[in-house]
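The file coords22.txt contains compact mmCIF, C-alpha atoms:
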# COMPACT_ATOMS: atom_id res chain seq x y z
CA MET J 1 -80.88 114.49 302.15
CA THR J 2 -83.88 116.08 303.88
CA THR J 3 -85.36 119.10 302.12
CA SER J 4 -84.76 122.21 304.22
CA ILE J 5 -87.76 124.50 304.71
CA GLY J 6 -87.69 127.49 307.05
CA THR J 7 -90.09 130.33 307.73
CA ASP J 8 -88.31 132.45 305.12
CA THR J 9 -88.23 129.77 302.41
CA ARG J 10 -89.99 131.17 299.35
CA THR J 11 -92.16 128.24 298.30
CA ALA J 12 -94.68 127.53 295.54
CA VAL J 13 -97.18 124.69 295.44
CA PHE J 14 -97.82 123.57 291.86
CA GLY J 15 -101.27 122.01 291.57
CA TYR J 16 -104.13 122.50 294.00
CA GLY J 17 -105.72 119.09 294.38
CA VAL J 18 -105.80 117.00 297.56
CA GLU J 19 -102.01 116.94 297.99
CA GLY J 20 -101.58 120.55 296.91
CA ARG J 21 -104.08 121.77 299.48
CA SER J 22 -102.44 119.58 302.11
CA ALA J 23 -99.02 121.02 301.25
CA VAL J 24 -100.29 124.58 301.61
CA ARG J 25 -101.82 123.80 305.00
CA TRP J 26 -98.57 122.18 306.14
CA LEU J 27 -96.44 125.10 305.00
CA ARG J 28 -98.67 127.56 306.83
CA ARG J 29 -98.56 125.47 310.00
CA ARG J 30 -94.77 125.67 309.76
CA GLY J 31 -95.02 129.44 309.67
CA CYS J 32 -93.79 129.87 306.10
CA ARG J 33 -94.37 133.50 305.22
CA ASP J 34 -93.97 133.33 301.44
CA VAL J 35 -96.20 130.66 299.87
CA ARG J 36 -97.77 130.91 296.43
CA VAL J 37 -100.02 128.57 294.46
CA ILE J 38 -99.45 127.74 290.78
CA SER J 39 -102.24 126.17 288.72
CA SER J 40 -103.97 126.42 285.35
CA ALA J 41 -106.71 128.65 286.80
CA ARG J 42 -107.17 130.37 290.14
CA PRO J 43 -108.94 127.89 292.45
CA ASP J 44 -112.31 129.13 293.69
CA ASP J 45 -111.51 128.13 297.27
CA LEU J 46 -108.02 129.64 297.37
CA ASP J 47 -107.40 131.79 300.45
CA GLY J 48 -107.38 135.41 299.34
CA THR J 49 -104.18 136.03 301.30
CA LEU J 50 -102.24 133.55 299.15
CA PRO J 51 -100.69 134.80 295.90
CA TRP J 52 -101.49 132.82 292.77
CA ALA J 53 -99.71 132.42 289.44
CA VAL J 54 -100.85 130.75 286.23
CA GLU J 55 -98.63 127.82 285.25
CA THR J 56 -98.08 129.10 281.70
CA ASP J 57 -96.49 132.34 282.94
CA LEU J 58 -93.14 130.78 283.81
CA ASP J 59 -91.41 133.98 284.88
CA ALA J 60 -94.14 135.01 287.33
CA ALA J 61 -94.59 131.49 288.65
CA LEU J 62 -90.89 130.87 289.34
CA SER J 63 -89.67 134.33 290.24
CA GLY J 64 -87.62 134.36 293.45
CA LEU J 65 -88.48 130.77 294.41
CA ASP J 66 -86.41 128.68 296.81
CA LEU J 67 -88.55 125.53 296.49
CA LEU J 68 -91.28 124.17 294.21
CA ILE J 69 -93.62 121.50 295.60
CA LYS J 70 -95.42 119.72 292.77
CA SER J 71 -98.60 117.65 292.89
CA PRO J 72 -98.24 113.97 291.93
CA GLY J 73 -100.25 113.98 288.70
CA ILE J 74 -98.06 116.60 286.99
CA ARG J 75 -95.75 115.06 284.42
CA PRO J 76 -92.00 115.45 284.89
CA SER J 77 -91.84 116.87 281.36
CA HIS J 78 -94.20 119.75 282.15
CA PRO J 79 -92.69 123.04 280.87
CA LEU J 80 -92.86 124.63 284.33
CA LEU J 81 -90.86 121.79 285.88
CA THR J 82 -88.36 121.90 283.04
CA ALA J 83 -87.95 125.65 283.53
CA ALA J 84 -87.61 125.26 287.31
CA ALA J 85 -84.88 122.66 286.89
CA ALA J 86 -83.05 124.87 284.38
CA ALA J 87 -83.25 127.79 286.83
CA GLY J 88 -81.85 125.67 289.66
CA VAL J 89 -85.07 125.72 291.71
CA PRO J 90 -85.28 122.55 293.87
CA ILE J 91 -88.40 120.47 293.14
CA SER J 92 -90.09 118.25 295.71
CA SER J 93 -93.53 116.78 296.45
CA ALA J 94 -95.78 116.21 299.44
CA THR J 95 -94.91 112.50 299.45
CA VAL J 96 -91.17 113.14 299.32
CA LEU J 97 -91.40 115.71 302.12
CA PHE J 98 -93.45 113.33 304.28
CA VAL J 99 -91.15 110.34 303.78
CA GLU J 100 -88.06 112.46 304.43
CA ARG J 101 -89.57 113.77 307.69
CA ALA J 102 -90.70 110.31 308.81
CA ARG J 103 -87.28 108.77 308.18
CA GLU J 104 -85.51 111.71 309.82
CA ALA J 105 -87.66 111.12 312.93
CA GLY J 106 -86.90 107.38 312.89
CA LEU J 107 -90.52 106.38 312.39
CA ALA J 108 -91.70 102.97 311.21
CA LEU J 109 -92.96 103.57 307.66
CA ILE J 110 -94.42 100.85 305.43
CA GLY J 111 -94.68 102.01 301.82
CA VAL J 112 -96.86 99.96 299.48
CA THR J 113 -96.84 100.19 295.69
CA GLY J 114 -97.55 98.05 292.64
CA SER J 115 -99.45 98.16 289.38
CA LYS J 116 -102.42 96.63 291.15
CA GLY J 117 -103.14 95.47 294.69
CA LYS J 118 -101.48 98.36 296.52
CA SER J 119 -104.66 99.83 298.02
CA THR J 120 -106.00 96.47 299.19
CA THR J 121 -102.62 95.41 300.57
CA ALA J 122 -102.10 98.71 302.38
CA THR J 123 -105.57 98.45 303.90
CA LEU J 124 -104.95 94.85 305.01
CA ILE J 125 -101.66 95.83 306.66
CA HIS J 126 -103.33 98.72 308.48
CA LYS J 127 -106.30 96.63 309.64
CA THR J 128 -104.05 93.74 310.73
CA LEU J 129 -101.94 96.08 312.84
CA GLU J 130 -105.14 97.47 314.36
CA ALA J 131 -106.35 93.94 315.12
CA ALA J 132 -103.06 93.36 316.94
CA SER J 133 -103.60 96.60 318.95
CA ILE J 134 -100.52 98.16 317.34
CA PRO J 135 -100.93 101.94 316.85
CA THR J 136 -101.09 102.67 313.13
CA VAL J 137 -102.20 105.29 310.63
CA LEU J 138 -103.12 104.84 306.96
CA VAL J 139 -102.10 107.68 304.62
CA GLY J 140 -101.54 108.36 300.95
CA ASN J 141 -103.86 107.66 298.03
CA ILE J 142 -106.20 106.01 300.51
CA GLY J 143 -106.48 107.20 304.06
CA ARG J 144 -105.54 110.75 304.98
CA ALA J 145 -103.25 113.14 303.10
CA ALA J 146 -99.77 112.44 304.45
CA LEU J 147 -98.74 116.01 305.30
CA ASP J 148 -102.00 116.52 307.21
CA VAL J 149 -100.80 114.05 309.86
CA VAL J 150 -97.05 114.62 309.87
CA GLU J 151 -96.93 116.44 313.23
CA ASP J 152 -99.22 113.84 314.83
CA VAL J 153 -97.16 110.86 313.67
CA VAL J 154 -93.91 112.45 314.80
CA SER J 155 -95.43 113.01 318.26
CA ASN J 156 -97.30 109.70 318.69
CA ARG J 157 -95.07 107.41 316.56
CA PRO J 158 -97.58 104.92 315.15
CA VAL J 159 -96.65 102.48 312.39
CA ILE J 160 -97.36 104.45 309.22
CA VAL J 161 -98.83 102.65 306.20
CA LEU J 162 -98.39 104.74 303.05
CA GLU J 163 -100.04 103.67 299.79
CA MET J 164 -98.07 105.10 296.85
CA SER J 165 -98.67 105.43 293.13
CA SER J 166 -95.89 105.57 290.55
CA TYR J 167 -96.46 109.33 290.42
CA GLN J 168 -95.44 109.45 294.09
CA THR J 169 -92.53 107.01 294.02
CA HIS J 170 -90.71 108.23 290.91
CA ASP J 171 -88.92 111.12 292.64
CA LEU J 172 -88.33 109.68 296.11
CA THR J 173 -85.08 110.78 297.72
CA VAL J 174 -85.26 108.14 300.46
CA GLY J 175 -87.43 105.04 300.62
CA PRO J 176 -89.63 103.75 303.47
CA SER J 177 -88.24 101.51 306.19
CA VAL J 178 -90.42 98.69 304.80
CA ALA J 179 -91.27 98.62 301.08
CA VAL J 180 -93.96 96.30 299.71
CA ILE J 181 -94.14 95.75 295.94
CA THR J 182 -97.19 93.80 294.73
CA ARG J 183 -97.13 93.53 290.92
CA LEU J 184 -95.60 95.09 287.82
CA PHE J 185 -97.33 95.38 284.47
CA PRO J 186 -97.69 98.29 282.02
CA GLU J 187 -99.72 101.25 283.30
CA HIS J 188 -99.61 105.06 282.89
CA LEU J 189 -97.29 104.71 279.91
CA ASP J 190 -98.13 108.13 278.48
CA TRP J 191 -97.17 109.83 281.77
CA HIS J 192 -93.94 107.86 282.19
CA GLU J 193 -93.17 107.77 278.45
CA GLY J 194 -92.55 104.04 278.30
CA VAL J 195 -92.76 100.73 280.15
CA GLU J 196 -89.26 100.69 281.58
CA PRO J 197 -89.42 104.26 282.99
CA TYR J 198 -92.71 103.25 284.62
CA TYR J 199 -91.16 100.16 286.21
CA LEU J 200 -88.14 102.16 287.36
CA SER J 201 -90.47 104.71 288.98
CA LYS J 202 -92.29 101.97 290.86
CA LEU J 203 -89.07 100.28 291.99
CA ARG J 204 -87.62 103.54 293.27
CA ILE J 205 -89.48 102.71 296.50
CA ALA J 206 -86.79 100.02 296.97
CA THR J 207 -83.77 101.51 295.23
CA THR J 208 -83.86 104.50 297.60
CA GLN J 209 -84.07 102.39 300.78
CA ARG J 210 -81.23 101.94 303.25
CA ALA J 211 -79.25 98.84 304.17
CA GLY J 212 -81.17 98.30 307.42
CA ASP J 213 -84.59 98.44 305.73
CA VAL J 214 -86.80 95.61 304.40
CA THR J 215 -88.09 95.04 300.86
CA ILE J 216 -91.08 92.67 300.61
CA TRP J 217 -91.60 91.52 297.02
CA ASN J 218 -93.94 89.26 295.08
CA ALA J 219 -91.88 86.30 293.93
CA THR J 220 -94.67 85.13 291.57
CA ASP J 221 -94.37 88.29 289.48
CA PRO J 222 -91.84 87.78 286.65
CA GLU J 223 -91.11 91.48 286.13
CA ILE J 224 -90.19 91.92 289.80
CA ALA J 225 -88.34 88.60 290.07
CA ARG J 226 -86.01 89.30 287.15
CA ARG J 227 -84.94 92.62 288.70
CA VAL J 228 -84.02 91.30 292.15
CA PRO J 229 -82.16 92.61 294.11
CA LEU J 230 -84.23 95.77 293.93
CA GLY J 231 -82.10 97.83 296.31
CA PRO J 232 -79.81 97.69 299.35
CA ALA J 233 -82.42 96.55 301.91
CA ARG J 234 -82.94 93.02 303.21
CA HIS J 235 -85.24 91.21 300.77
CA VAL J 236 -88.24 89.07 301.82
CA ALA J 237 -90.07 87.16 299.08
CA TYR J 238 -93.72 86.16 299.33
CA GLY J 239 -96.07 84.04 297.28
CA ILE J 240 -93.79 81.02 296.79
CA GLU J 241 -94.44 79.22 300.08
CA PRO J 242 -97.78 77.89 301.36
CA ALA J 243 -99.80 80.62 303.04
CA ARG J 244 -99.10 80.94 306.76
CA PHE J 245 -102.68 81.97 307.43
CA SER J 246 -106.01 80.20 307.10
CA GLU J 247 -108.17 81.17 304.13
CA LEU J 248 -111.33 79.80 305.76
CA GLY J 249 -113.89 82.59 305.90
CA MET J 250 -111.80 84.90 303.71
CA LYS J 251 -114.20 87.30 301.97
CA LEU J 252 -111.76 88.66 299.39
CA ARG J 253 -111.95 86.74 296.11
CA GLY J 254 -109.22 85.48 293.83
CA PRO J 255 -105.60 84.27 293.89
CA HIS J 256 -104.35 87.87 293.61
CA ASN J 257 -106.04 88.75 296.90
CA ARG J 258 -104.47 85.74 298.61
CA LEU J 259 -101.12 87.18 297.51
CA ASN J 260 -102.14 90.60 298.82
CA ALA J 261 -102.98 89.02 302.18
CA ASP J 262 -99.66 87.17 302.22
CA ALA J 263 -97.79 90.44 301.59
CA ALA J 264 -99.79 92.14 304.33
CA LEU J 265 -98.88 89.48 306.87
CA HIS J 266 -95.18 89.69 306.02
CA ALA J 267 -95.26 93.45 306.60
CA ALA J 268 -97.46 93.49 309.71
CA GLU J 269 -95.60 90.72 311.52
CA ILE J 270 -92.40 92.81 311.50
CA PHE J 271 -94.16 94.94 314.11
CA GLY J 272 -95.64 92.09 316.15
CA ALA J 273 -98.86 91.07 314.37
CA LEU J 274 -99.68 87.35 314.05
CA PRO J 275 -101.53 85.25 311.45
CA GLU J 276 -104.65 85.18 313.63
CA HIS J 277 -104.81 88.98 313.48
CA LEU J 278 -104.83 88.88 309.68
CA GLU J 279 -107.40 86.07 309.71
CA SER J 280 -109.79 88.15 311.80
CA VAL J 281 -109.50 90.92 309.23
CA LEU J 282 -110.01 88.58 306.27
CA ALA J 283 -113.20 87.23 307.85
CA SER J 284 -114.83 90.66 307.78
CA PHE J 285 -113.12 92.70 305.05
CA ALA J 286 -114.86 92.24 301.69
CA GLY J 287 -112.74 94.75 299.80
CA LEU J 288 -112.60 98.41 298.80
CA PRO J 289 -115.06 100.17 296.47
CA HIS J 290 -114.58 99.54 292.74
CA ARG J 291 -112.33 96.53 293.42
CA LEU J 292 -114.35 93.37 292.70
CA GLU J 293 -117.15 95.18 294.52
CA ASP J 294 -120.23 93.01 294.82
CA LEU J 295 -123.23 95.20 293.97
CA GLY J 296 -125.69 92.48 294.87
CA VAL J 297 -128.36 90.67 292.86
CA HIS J 298 -130.58 92.72 290.56
CA GLY J 299 -133.08 91.00 288.31
CA GLY J 300 -131.74 87.61 289.32
CA ILE J 301 -128.20 88.55 288.20
CA ARG J 302 -125.17 89.32 290.38
CA TRP J 303 -123.30 92.47 289.35
CA VAL J 304 -119.62 93.11 290.14
CA ASN J 305 -117.95 96.52 289.87
CA ASP J 306 -114.23 96.24 289.14
CA SER J 307 -113.73 99.72 287.68
CA ILE J 308 -110.23 99.80 289.23
CA ALA J 309 -109.15 97.37 286.46
CA THR J 310 -107.37 99.88 284.22
CA ALA J 311 -105.10 97.33 282.51
CA PRO J 312 -105.67 93.91 280.87
CA GLU J 313 -103.79 92.01 283.59
CA ALA J 314 -106.20 93.37 286.21
CA ALA J 315 -109.22 92.18 284.24
CA VAL J 316 -107.64 88.72 283.89
CA ALA J 317 -107.26 88.58 287.68
CA ALA J 318 -110.92 89.54 288.07
CA LEU J 319 -112.04 86.74 285.74
CA GLU J 320 -109.87 84.28 287.66
CA ALA J 321 -111.41 85.43 290.95
CA PHE J 322 -114.98 84.62 289.89
CA GLY J 323 -114.29 81.56 287.75
CA GLY J 324 -117.34 79.93 286.18
CA GLU J 325 -119.77 82.33 287.83
CA VAL J 326 -119.18 84.97 285.16
CA ALA J 327 -121.38 84.63 282.09
CA THR J 328 -121.17 88.25 280.94
CA TYR J 329 -118.04 90.39 280.68
CA LEU J 330 -118.11 94.18 280.22
CA GLY J 331 -114.82 95.78 279.18
CA GLY J 332 -113.30 98.66 277.28
CA GLY J 333 -112.41 102.28 277.97
CA THR J 334 -109.73 104.69 276.88
CA ASP J 335 -107.40 103.04 274.35
CA ARG J 336 -103.83 103.42 275.63
CA GLY J 337 -102.26 100.90 273.27
CA PHE J 338 -102.21 97.98 275.73
CA ASP J 339 -101.50 94.42 274.63
CA PHE J 340 -104.90 92.77 275.10
CA ALA J 341 -103.73 89.30 274.08
CA PRO J 342 -103.68 87.97 277.69
CA LEU J 343 -107.25 89.17 278.24
CA ALA J 344 -108.36 87.77 274.89
CA ARG J 345 -106.91 84.35 275.75
CA GLU J 346 -108.66 84.41 279.13
CA LEU J 347 -112.00 85.34 277.57
CA ALA J 348 -111.66 82.69 274.87
CA SER J 349 -110.68 79.97 277.35
CA ARG J 350 -113.83 80.63 279.38
CA ALA J 351 -116.15 80.61 276.37
CA LEU J 352 -118.30 83.29 277.94
CA PRO J 353 -121.79 83.55 276.44
CA ASN J 354 -121.66 87.35 276.46
CA VAL J 355 -118.72 89.68 275.83
CA ILE J 356 -119.69 93.36 275.73
CA LEU J 357 -116.99 95.84 274.69
CA LEU J 358 -117.30 99.58 275.18
CA PRO J 359 -115.85 102.41 273.10
CA PRO J 360 -113.45 103.90 272.40
CA GLY J 361 -111.06 101.06 273.29
CA GLY J 362 -113.44 98.17 272.72
CA PRO J 363 -112.32 97.58 269.10
CA SER J 364 -108.75 96.91 270.29
CA ILE J 365 -109.96 94.22 272.69
CA LEU J 366 -112.17 92.83 269.92
CA ALA J 367 -109.21 92.65 267.50
CA ALA J 368 -107.17 90.74 270.09
CA LEU J 369 -110.09 88.37 270.68
CA ALA J 370 -110.52 87.82 266.95
CA ALA J 371 -106.87 86.79 266.68
CA VAL J 372 -107.40 84.14 269.35
CA ASP J 373 -110.99 83.01 268.72
CA PRO J 374 -112.76 84.47 265.65
CA GLN J 375 -116.07 82.87 266.62
CA ALA J 376 -116.01 84.44 270.07
CA ALA J 377 -115.21 87.81 268.49
CA ALA J 378 -118.12 87.43 266.08
CA ARG J 379 -120.49 86.95 269.02
CA ALA J 380 -119.23 90.01 270.93
CA HIS J 381 -121.38 93.10 271.32
CA ALA J 382 -120.37 96.74 270.88
CA PRO J 383 -122.88 99.12 272.54
CA ALA J 384 -122.43 102.87 272.28
CA SER J 385 -122.27 103.67 275.99
CA LEU J 386 -122.00 102.24 279.48
CA ALA J 387 -125.75 102.74 279.93
CA ASP J 388 -126.44 100.72 276.79
CA ALA J 389 -123.98 98.05 277.94
CA VAL J 390 -125.70 97.62 281.31
CA ALA J 391 -129.13 97.43 279.66
CA LEU J 392 -127.81 94.85 277.18
CA ALA J 393 -126.18 92.78 279.93
CA ALA J 394 -129.45 92.79 281.89
CA ARG J 395 -131.21 91.31 278.85
CA LEU J 396 -128.56 88.75 277.93
CA ALA J 397 -127.18 87.46 281.24
CA PRO J 398 -128.66 84.16 282.42
CA ARG J 399 -130.45 84.31 285.76
CA GLY J 400 -128.18 83.13 288.56
CA SER J 401 -125.02 84.21 286.73
CA THR J 402 -122.61 87.12 287.29
CA VAL J 403 -121.98 90.22 285.18
CA LEU J 404 -118.40 91.42 285.61
CA PHE J 405 -117.52 95.02 284.79
CA SER J 406 -113.71 94.98 284.61
CA PRO J 407 -112.76 97.47 281.89
CA ALA J 408 -109.06 96.56 281.36
CA SER J 409 -108.60 100.19 280.30
CA PRO J 410 -108.30 103.64 281.88
CA SER J 411 -111.30 105.96 282.18
CA TYR J 412 -109.71 109.28 281.21
CA GLY J 413 -111.55 111.25 278.53
CA LEU J 414 -114.79 109.50 279.46
CA TYR J 415 -114.77 109.91 283.24
CA LYS J 416 -112.64 111.88 285.67
CA ASN J 417 -111.21 108.68 287.15
CA PHE J 418 -112.02 105.03 287.80
CA GLU J 419 -114.05 105.99 290.88
CA GLU J 420 -116.41 108.17 288.84
CA ARG J 421 -116.73 105.39 286.25
CA GLY J 422 -117.49 102.84 288.96
CA ASP J 423 -120.05 105.15 290.55
CA ALA J 424 -121.75 105.53 287.16
CA PHE J 425 -121.87 101.74 286.75
CA ARG J 426 -123.29 101.31 290.26
CA GLU J 427 -126.01 103.89 289.60
CA LEU J 428 -127.01 102.18 286.36
CA VAL J 429 -127.20 98.80 288.12
CA ASP J 430 -129.18 100.25 291.03
CA ALA J 431 -131.66 101.69 288.54
CA LEU J 432 -132.43 98.29 286.99

Conversion result in C-alpha cells:
Amino acid sequence: MTTSIGTDTRTAVFGYGVEGRSAVRWLRRRGCRDVRVISSARPDDLDGTLPWAVETDLDAALSGLDLLIKSPGIRPSHPLLTAAAAAGVPISSATVLFVERAREAGLALIGVTGSKGKSTTATLIHKTLEAASIPTVLVGNIGRAALDVVEDVVSNRPVIVLEMSSYQTHDLTVGPSVAVITRLFPEHLDWHEGVEPYYLSKLRIATTQRAGDVTIWNATDPEIARRVPLGPARHVAYGIEPARFSELGMKLRGPHNRLNADAALHAAEIFGALPEHLESVLASFAGLPHRLEDLGVHGGIRWVNDSIATAPEAAVAALEAFGGEVATYLGGGTDRGFDFAPLARELASRALPNVILLPPGGPSILAALAAVDPQAAARAHAPASLADAVALAARLAPRGSTVLFSPASPSYGLYKNFEERGDAFRELVDAL
C-alpha cells in the first residue's frame, strides 16, 4: 500500500543526513505545511523556518505526528522508533517512499542489493543501458538521492537503477520490478542483531516483489541458493552458465567482478541492451573508488585500495582477483566478531611474504591465521596505525609486487566510513 502524504500531513524526518535532507526537500516540494526535523543535535544548516526536536525528547518529537520518515542508518530498535510504533505513528523511509511512488507510476525499477558487489553491479547496469541508448538514471547509495529525482523520473520514465543497502531494504513495503541479489555473507550484525535477520532484510527486496516482476540471483552463492524461491517473481539465475559476453579487454579484476558483469547483463537485457553494450563498458570501466582501486606504482610497488572490504569474504575475493601479484597484505579494522577462518586459509594458501594486521581487530585475524598456519602467524606484523602499516609495507614489499589493502573489517570507531579510511590510505601512499 502506498504511503499517503498530503499538504496537511504532519510529518517528521528523523535523521538529517543525505536522505534526511532529500526527504525534507521532497516534502516541501509537495507543499507539506507541517514538517519537523528530529536529530541528536540541531543541524547547523537547518532552515530556520523548520521546527526541530531532539530525538531523546520523545513527547516533543512525536507529538501530533501523522508520519515519521526515518533515515536508513537508524536502528529499528531505537527508542524513538519503538515509541512511535507504540503510539501508532506510521514509520517510513525515503527509499520506501521512492519505490512506492515508482511502482505506483508503473516505472521500470531495477533494485540491486547484496553483501558485496551491489555498487559495481548497479553501475554496470546503468552504464550498459546508457551504452544501448536506453534512458536511465542511477540513484541510491551511489548516484543521486532517490527522492531528489522522483518528479523527474515520473515525468520522463527512464529505467531506474537503485542501489540498496540492507538498511534500505529491511522495511520495504513493495519491491522493485527487477531485483538483483549479488551475494550474502555476514555484515552489519550489530545493527540487524544477528545473521538471519540481516539476510532476511536483504532478501526483502525479493519477498516484497509481485508475481509479474523478475528476481535475478547469484546461483553460485550458497546462502542465496538454499533460500530459493526468494519471492513470488519470476526467478533468473546467473553465474552457472558460461558468460554470454567476451571478457577480452575487461578492466575489472577477479571472478567476483565477472559475476557482477553477468548479473548486469541479465538485468540490462530485459530492457533491450545486448552483450556488446556491456562489453564496451567493461573495456573502459576500471571500477569505483575504494573497490580494488589501483593507486599506481610508488617506489616500484603497486598499491591497491580495497577499503570497501568490510568482511572477510570480501578480502578473500580481493586476494583471488590479484592472484600471485600480491606479496603484502594489509588487513584489520573494527572487530565485529567475524569468522576469519576463510581469510586465514586464503592467506596461508598463498604463503604471502608479508601479512600486516592493524588494530583493533588485527589480533582476531592473527588468531585465525595461527590456527591454520602457526608459522605464517609468527611472521605477521602488527603495527600501531595505518600510517605505520603503509611505511612498513613500503620497506618490506618486493619491487614489482603488489600491496593489497583489503581490511576484512568495518572502519567504525577509527574512521567515519570505508570511504574516509580509503582516502586516508590513498593519501599515505601518495606521500611515499

Residue among J:Leu292, J:Val195, J:Ala60, J:Ala132 lying closest to J:Gly117, counting all atoms listed in the file: J:Leu292

Nearest to J:Glu279, chosen from J:Leu129, J:Leu428, J:Ala53, J:Leu80, with all atoms listed in the file counted in the distances: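 Among J:Leu129, J:Leu428, J:Ala53, J:Leu80, it is J:Leu129 that comes nearest to J:Glu279.
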
Spatial neighbours of J:Thr3, max dist 10 Å, only C-alpha atoms, sep filter under 5 positions, as a list in words: Leu67, Pro90, Ile91, Ser92, Val96, Leu97, Glu100, Arg101 and Thr173 of chain J

Test item: residues at most 9 Å from J:Ile110, all atoms listed in the file, excluding those fewer than 6 positions along its chain, as a ChimeraX atom specification: /J:122,125,159-163,176-180,267

Box dimensions and centre (Å, one decimal) enclosing stretch 144-149 of chain J, axis-aligned, 3 Å extra per side, as lines of an AutoDock Vina configuration file:
center_x = -102.1
center_y = 113.6
center_z = 306.5
size_x = 12.8
size_y = 11.8
size_z = 12.8

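Distance annotation: of J:Pro197, J:Gln168, J:Asp148, J:Thr123, the residue with the minimal separation from J:Ala286 is J:Thr123; atom set is only C-alpha atoms.
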
Atom pair atom CA of J:Ala408 / atom CA of J:Ala283: separation (Å): 28.4 Å

Distance query stretch 386-402 of chain J at most 7 Å, all atoms listed in the file, self and fewer than 6 positions along chain excluded, as a PyMOL selection string: chain J and resi 300-303+325-328+356+358+428
